[in-house]
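> Below you'll find my_file-v1.csv; it's CSV, N, CA and C atoms.
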chain,number,residue,atom,x,y,z
Y,1,MET,N,107.7,112.4,129.4
Y,1,MET,CA,108.0,112.7,128.0
Y,1,MET,C,107.1,111.7,127.2
Y,2,GLN,N,106.4,112.3,126.2
Y,2,GLN,CA,105.5,111.5,125.4
Y,2,GLN,C,106.2,111.1,124.1
Y,3,THR,N,106.1,109.8,123.8
Y,3,THR,CA,106.7,109.3,122.5
Y,3,THR,C,105.7,109.5,121.4
Y,4,THR,N,106.3,110.0,120.3
Y,4,THR,CA,105.5,110.2,119.1
Y,4,THR,C,105.5,108.9,118.3
Y,5,ILE,N,104.4,108.4,117.9
Y,5,ILE,CA,104.3,107.2,117.1
Y,5,ILE,C,104.3,107.6,115.6
Y,6,GLU,N,105.2,107.0,114.9
Y,6,GLU,CA,105.3,107.2,113.4
Y,6,GLU,C,104.5,106.2,112.7
Y,7,LEU,N,103.4,106.7,112.1
Y,7,LEU,CA,102.5,105.8,111.3
Y,7,LEU,C,102.8,105.9,109.8
Y,8,PRO,N,102.4,104.9,109.1
Y,8,PRO,CA,102.5,104.9,107.6
Y,8,PRO,C,101.6,106.1,107.1
Y,9,ASP,N,102.0,106.5,105.9
Y,9,ASP,CA,101.1,107.5,105.2
Y,9,ASP,C,99.7,107.0,105.2
Y,10,ALA,N,98.8,108.0,105.3
Y,10,ALA,CA,97.3,107.7,105.2
Y,10,ALA,C,96.7,107.2,106.5
Y,11,TRP,N,97.6,106.7,107.5
Y,11,TRP,CA,97.1,106.3,108.8
Y,11,TRP,C,97.0,107.4,109.7
Y,12,LYS,N,96.0,107.4,110.6
Y,12,LYS,CA,96.0,108.4,111.7
Y,12,LYS,C,95.6,107.8,113.0
Y,13,SER,N,96.1,108.4,114.1
Y,13,SER,CA,95.7,108.0,115.4
Y,13,SER,C,94.5,108.7,115.8
Y,14,VAL,N,93.5,108.0,116.4
Y,14,VAL,CA,92.3,108.5,116.9
Y,14,VAL,C,92.2,108.4,118.4
Y,15,SER,N,91.8,109.4,119.1
Y,15,SER,CA,91.7,109.5,120.5
Y,15,SER,C,90.6,108.7,121.2
Y,16,HIS,N,89.4,108.9,120.6
Y,16,HIS,CA,88.2,108.3,121.2
Y,16,HIS,C,87.4,107.5,120.2
Y,17,PRO,N,87.3,106.2,120.3
Y,17,PRO,CA,88.1,105.4,121.2
Y,17,PRO,C,89.6,105.3,120.7
Y,18,PRO,N,90.5,105.0,121.5
Y,18,PRO,CA,91.9,104.9,121.1
Y,18,PRO,C,92.0,103.8,120.0
Y,19,SER,N,92.5,104.3,118.8
Y,19,SER,CA,92.5,103.4,117.7
Y,19,SER,C,93.4,104.0,116.6
Y,20,LEU,N,93.7,103.2,115.6
Y,20,LEU,CA,94.4,103.7,114.3
Y,20,LEU,C,93.4,103.5,113.2
Y,21,PHE,N,93.4,104.4,112.3
Y,21,PHE,CA,92.4,104.4,111.2
Y,21,PHE,C,93.1,104.8,109.9
Y,22,CYS,N,92.6,104.1,108.8
Y,22,CYS,CA,93.0,104.4,107.5
Y,22,CYS,C,91.9,104.1,106.5
Y,23,ARG,N,91.9,104.8,105.4
Y,23,ARG,CA,91.0,104.5,104.3
Y,23,ARG,C,91.9,104.4,103.0
Y,24,TYR,N,91.7,103.3,102.3
Y,24,TYR,CA,92.4,103.0,101.1
Y,24,TYR,C,91.4,103.0,100.0
Y,25,GLU,N,91.7,103.7,98.8
Y,25,GLU,CA,90.8,103.7,97.7
Y,25,GLU,C,91.4,103.0,96.5
Y,26,PHE,N,90.5,102.3,95.8
Y,26,PHE,CA,91.0,101.5,94.7
Y,26,PHE,C,90.3,101.8,93.4
Y,27,ALA,N,90.8,101.4,92.3
Y,27,ALA,CA,90.2,101.7,91.0
Y,27,ALA,C,89.1,100.8,90.6
Y,28,SER,N,89.0,99.6,91.2
Y,28,SER,CA,88.0,98.7,90.8
Y,28,SER,C,87.7,97.7,92.0
Y,29,TYR,N,86.5,97.1,91.8
Y,29,TYR,CA,86.1,96.1,92.9
Y,29,TYR,C,87.1,94.9,92.9
Y,30,ALA,N,87.7,94.5,91.8
Y,30,ALA,CA,88.6,93.5,91.8
Y,30,ALA,C,89.9,93.8,92.6
Y,31,GLN,N,90.3,95.0,92.5
Y,31,GLN,CA,91.5,95.5,93.3
Y,31,GLN,C,91.1,95.5,94.8
Y,32,THR,N,89.9,96.0,95.1
Y,32,THR,CA,89.4,96.0,96.5
Y,32,THR,C,89.4,94.6,97.1
Y,33,ARG,N,88.9,93.7,96.3
Y,33,ARG,CA,88.8,92.3,96.7
Y,33,ARG,C,90.2,91.7,97.0
Y,34,GLU,N,91.1,91.9,96.0
Y,34,GLU,CA,92.4,91.4,96.2
Y,34,GLU,C,93.1,91.9,97.5
Y,35,PHE,N,92.9,93.2,97.8
Y,35,PHE,CA,93.4,93.8,99.0
Y,35,PHE,C,92.8,93.1,100.2
Y,36,LEU,N,91.5,93.0,100.2
Y,36,LEU,CA,90.8,92.3,101.3
Y,36,LEU,C,91.3,90.9,101.5
Y,37,ASP,N,91.5,90.2,100.5
Y,37,ASP,CA,92.1,88.8,100.6
Y,37,ASP,C,93.5,88.9,101.2
Y,38,ALA,N,94.3,89.9,100.8
Y,38,ALA,CA,95.6,90.0,101.4
Y,38,ALA,C,95.6,90.4,102.9
Y,39,LEU,N,94.6,91.2,103.2
Y,39,LEU,CA,94.4,91.5,104.6
Y,39,LEU,C,94.0,90.3,105.5
Y,40,ALA,N,93.2,89.5,104.9
Y,40,ALA,CA,92.8,88.2,105.6
Y,40,ALA,C,94.0,87.4,105.9
Y,41,VAL,N,94.9,87.2,105.0
Y,41,VAL,CA,96.1,86.5,105.2
Y,41,VAL,C,97.0,87.1,106.3
Y,42,LEU,N,97.1,88.5,106.2
Y,42,LEU,CA,97.8,89.2,107.3
Y,42,LEU,C,97.2,89.0,108.6
Y,43,SER,N,95.9,89.1,108.7
Y,43,SER,CA,95.2,88.9,110.0
Y,43,SER,C,95.4,87.5,110.6
Y,44,GLU,N,95.3,86.5,109.7
Y,44,GLU,CA,95.6,85.2,110.2
Y,44,GLU,C,97.0,85.0,110.8
Y,45,GLU,N,97.9,85.6,110.0
Y,45,GLU,CA,99.3,85.5,110.4
Y,45,GLU,C,99.6,86.3,111.8
Y,46,THR,N,99.0,87.4,111.9
Y,46,THR,CA,99.3,88.3,113.1
Y,46,THR,C,98.3,88.0,114.2
Y,47,ARG,N,97.2,87.3,113.9
Y,47,ARG,CA,96.1,87.1,114.9
Y,47,ARG,C,95.5,88.5,115.4
Y,48,LEU,N,95.6,89.5,114.5
Y,48,LEU,CA,94.9,90.8,114.7
Y,48,LEU,C,93.8,90.9,113.7
Y,49,PHE,N,92.6,91.2,114.1
Y,49,PHE,CA,91.4,91.3,113.2
Y,49,PHE,C,90.8,92.6,113.4
Y,50,PRO,N,91.2,93.6,112.5
Y,50,PRO,CA,90.7,94.9,112.6
Y,50,PRO,C,89.2,95.0,112.2
Y,51,ASP,N,88.6,96.1,112.5
Y,51,ASP,CA,87.2,96.4,112.0
Y,51,ASP,C,87.4,96.9,110.6
Y,52,LEU,N,86.7,96.3,109.7
Y,52,LEU,CA,86.8,96.7,108.3
Y,52,LEU,C,85.4,97.2,107.8
Y,53,GLY,N,85.4,98.2,107.0
Y,53,GLY,CA,84.3,98.7,106.3
Y,53,GLY,C,84.7,98.9,104.8
Y,54,PHE,N,83.9,98.4,103.9
Y,54,PHE,CA,84.3,98.5,102.5
Y,54,PHE,C,83.1,98.6,101.6
Y,55,ALA,N,83.4,99.1,100.4
Y,55,ALA,CA,82.4,99.1,99.4
Y,55,ALA,C,83.2,98.8,98.1
Y,56,ARG,N,82.6,99.1,97.0
Y,56,ARG,CA,83.2,98.7,95.7
Y,56,ARG,C,84.7,99.1,95.5
Y,57,THR,N,85.0,100.4,95.9
Y,57,THR,CA,86.3,100.9,95.6
Y,57,THR,C,87.0,101.5,96.8
Y,58,PHE,N,86.6,101.1,98.0
Y,58,PHE,CA,87.4,101.5,99.2
Y,58,PHE,C,87.3,100.5,100.3
Y,59,VAL,N,88.3,100.6,101.2
Y,59,VAL,CA,88.4,99.9,102.4
Y,59,VAL,C,88.8,100.8,103.6
Y,60,ASN,N,88.0,100.8,104.6
Y,60,ASN,CA,88.3,101.5,105.9
Y,60,ASN,C,88.8,100.5,106.9
Y,61,ILE,N,89.9,100.8,107.5
Y,61,ILE,CA,90.5,99.8,108.5
Y,61,ILE,C,90.6,100.6,109.8
Y,62,THR,N,90.1,100.0,110.9
Y,62,THR,CA,90.2,100.5,112.3
Y,62,THR,C,90.9,99.5,113.1
Y,63,LEU,N,92.0,99.8,113.7
Y,63,LEU,CA,92.7,98.9,114.6
Y,63,LEU,C,92.6,99.4,116.0
Y,64,ARG,N,92.2,98.6,116.9
Y,64,ARG,CA,92.1,99.0,118.3
Y,64,ARG,C,93.1,98.1,119.1
Y,65,GLY,N,93.5,98.6,120.2
Y,65,GLY,CA,94.4,97.8,121.1
Y,65,GLY,C,93.5,96.7,121.8
Y,66,ARG,N,94.2,95.8,122.3
Y,66,ARG,CA,93.5,94.7,123.0
Y,66,ARG,C,92.9,95.2,124.3
Y,67,ASP,N,91.7,94.7,124.6
Y,67,ASP,CA,90.9,95.0,125.8
Y,67,ASP,C,90.8,96.5,126.1
Y,68,GLY,N,90.6,97.2,125.0
Y,68,GLY,CA,90.3,98.7,125.1
Y,68,GLY,C,91.5,99.5,125.3
Y,69,ALA,N,92.7,98.9,125.3
Y,69,ALA,CA,93.9,99.7,125.5
Y,69,ALA,C,94.2,100.5,124.2
Y,70,SER,N,95.1,101.4,124.3
Y,70,SER,CA,95.6,102.1,123.1
Y,70,SER,C,96.3,101.1,122.2
Y,71,PRO,N,96.3,101.3,120.9
Y,71,PRO,CA,97.1,100.5,120.0
Y,71,PRO,C,98.5,100.4,120.4
Y,72,GLY,N,99.1,99.3,120.3
Y,72,GLY,CA,100.5,99.1,120.7
Y,72,GLY,C,101.4,98.7,119.5
Y,73,PRO,N,102.6,98.2,119.7
Y,73,PRO,CA,103.5,97.8,118.7
Y,73,PRO,C,102.9,96.8,117.7
Y,74,ALA,N,102.1,95.9,118.1
Y,74,ALA,CA,101.5,94.9,117.2
Y,74,ALA,C,100.6,95.5,116.2
Y,75,GLU,N,99.8,96.5,116.7
Y,75,GLU,CA,98.8,97.2,115.8
Y,75,GLU,C,99.5,98.1,114.8
Y,76,ILE,N,100.6,98.8,115.3
Y,76,ILE,CA,101.4,99.6,114.5
Y,76,ILE,C,102.1,98.8,113.4
Y,77,ASP,N,102.6,97.7,113.7
Y,77,ASP,CA,103.2,96.8,112.7
Y,77,ASP,C,102.2,96.3,111.7
Y,78,TYR,N,101.0,96.0,112.1
Y,78,TYR,CA,99.9,95.6,111.2
Y,78,TYR,C,99.6,96.8,110.2
Y,79,ALA,N,99.5,98.0,110.8
Y,79,ALA,CA,99.3,99.2,109.9
Y,79,ALA,C,100.4,99.3,108.9
Y,80,ARG,N,101.6,99.1,109.3
Y,80,ARG,CA,102.7,99.3,108.3
Y,80,ARG,C,102.7,98.2,107.3
Y,81,ARG,N,102.4,97.0,107.7
Y,81,ARG,CA,102.3,95.9,106.7
Y,81,ARG,C,101.1,96.0,105.8
Y,82,ALA,N,100.0,96.5,106.3
Y,82,ALA,CA,98.8,96.8,105.4
Y,82,ALA,C,99.1,97.9,104.4
Y,83,ALA,N,99.9,98.9,104.8
Y,83,ALA,CA,100.3,100.0,103.9
Y,83,ALA,C,101.1,99.4,102.8
Y,84,VAL,N,102.0,98.5,103.0
Y,84,VAL,CA,102.8,97.9,102.0
Y,84,VAL,C,101.9,97.1,101.0
Y,85,LEU,N,101.0,96.4,101.6
Y,85,LEU,CA,100.0,95.6,100.7
Y,85,LEU,C,99.2,96.6,99.9
Y,86,ALA,N,98.7,97.6,100.4
Y,86,ALA,CA,97.8,98.6,99.7
Y,86,ALA,C,98.6,99.2,98.6
Y,87,ALA,N,99.9,99.4,98.7
Y,87,ALA,CA,100.6,100.2,97.7
Y,87,ALA,C,100.6,99.5,96.3
Y,88,ALA,N,100.3,98.2,96.3
Y,88,ALA,CA,100.2,97.5,95.0
Y,88,ALA,C,98.9,97.8,94.3
Y,89,TRP,N,97.9,98.3,95.0
Y,89,TRP,CA,96.6,98.5,94.3
Y,89,TRP,C,96.0,99.9,94.4
Y,90,THR,N,96.4,100.7,95.4
Y,90,THR,CA,95.7,102.0,95.7
Y,90,THR,C,95.8,103.0,94.6
Y,91,VAL,N,94.8,103.9,94.5
Y,91,VAL,CA,94.8,105.0,93.6
Y,91,VAL,C,95.6,106.1,94.2
Y,92,SER,N,96.5,106.7,93.4
Y,92,SER,CA,97.4,107.8,93.9
Y,92,SER,C,96.6,109.0,94.1
Spell out the structure here as structure tokens.


Amino acid sequence: MQTTIELPDAWKSVSHPPSLFCRYEFASYAQTREFLDALAVLSEETRLFPDLGFARTFVNITLRGRDGASPGPAEIDYARRAAVLAAAWTVS
């Protein structure tokens, strides 16, 4: 029996390579920067450092499991916490 992982809105599970991905869009560079700063704090706290891609008004986040494994509970928790942070700044 396969368990379904419930991810926050905007997050998706990717098969190859196994990872979680999300793109958040912002109204300004200042909001993007504030979100990136908040992610830095979250990363230091959780010791998870996702791959980030960003420009003036968006941030792409890719979370991979440790040692090439599929993302586990720690990565899913990071995604949930990042979604809460993003809610303060994202464009609807």

> Near range 32-38 of chain Y, within 8 Å and counting only N, CA and C atoms, which residues show up once chain neighbours fewer than 5 positions away are dropped, as a PyMOL selection string?

chain Y and resi 25-27+43-44+55-59+82+85-86+89

> Got a sec: who's within 8 Å of Leu48 in chain Y, counting all atoms listed in the file, leaving out chain neighbours fewer than 3 positions off, as number ranges by chain?

Y: 42-45, 51, 74-75, 78

> Edge lengths and centre, in Å to one decimal, as AutoDock Vina command-line options: that's what I need for the box along x, y and z that holds all listed atoms of range 70-87 of chain Y plus 4 Å on each side.


--center_x 99.3 --center_y 98.5 --center_z 110.3 --size_x 16.4 --size_y 15.2 --size_z 36.0

> Distance CA of Gly72 in chain Y-CA of Cys22 in chain Y, one decimal place?

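Computing it gives 16.1 Å between the two atoms.
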
> Rounded to one decimal place, report the CA of Arg66 in chain Y-CA of Ala87 in chain Y distance in Å.

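Pair CA of Arg66 in chain Y / CA of Ala87 in chain Y returns 26.8 Å.
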
> Restricting the calculation to all atoms listed in the file: of Y:Ala88, Y:Thr62, Y:Arg80, Y:Ser70, which residue gets closest to Phe21 in chain Y?

Y:Thr62

> Determine, counting only C-alpha atoms, which protein, DNA and RNA residues have an atom within 8 Å of an atom of Pro8 in chain Y; residues of the same chain fewer than 3 positions away are not included. Present the result as number ranges by chain.

Y: 11, 79-80, 83

> One decimal, Å: what's the distance from atom C of Lys12 in chain Y over to atom C of Val41 in chain Y, could you say?

21.8 Å

> I need the residues in range 25-60 of chain Y that are helix (DSSP H, G or I) according to DSSP; give them as a list in words.

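So, restricting range 25-60 of chain Y to helix (DSSP H, G or I), we get Tyr29, Ala30, Gln31, Thr32, Arg33, Glu34, Phe35, Leu36, Asp37, Ala38, Leu39, Ala40, Val41, Leu42, Ser43, Glu44, Glu45 and Thr46 of chain Y.
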
> Identify, with DSSP run on backbone atoms, the residues in chain Y assigned to strand (DSSP E), and express the list as a ChimeraX atom specification.

/Y:12-14,19-25,51-55,58-64

> Do you know which residues are at most 6.5 Å from Asn60 in chain Y counting only N, CA and C atoms, after dropping those on the same chain fewer than 6 positions away, and could you put them as a list in words?

Cys22, Arg23, Tyr24, Asp51, Leu52, Gly53 and Phe54 of chain Y
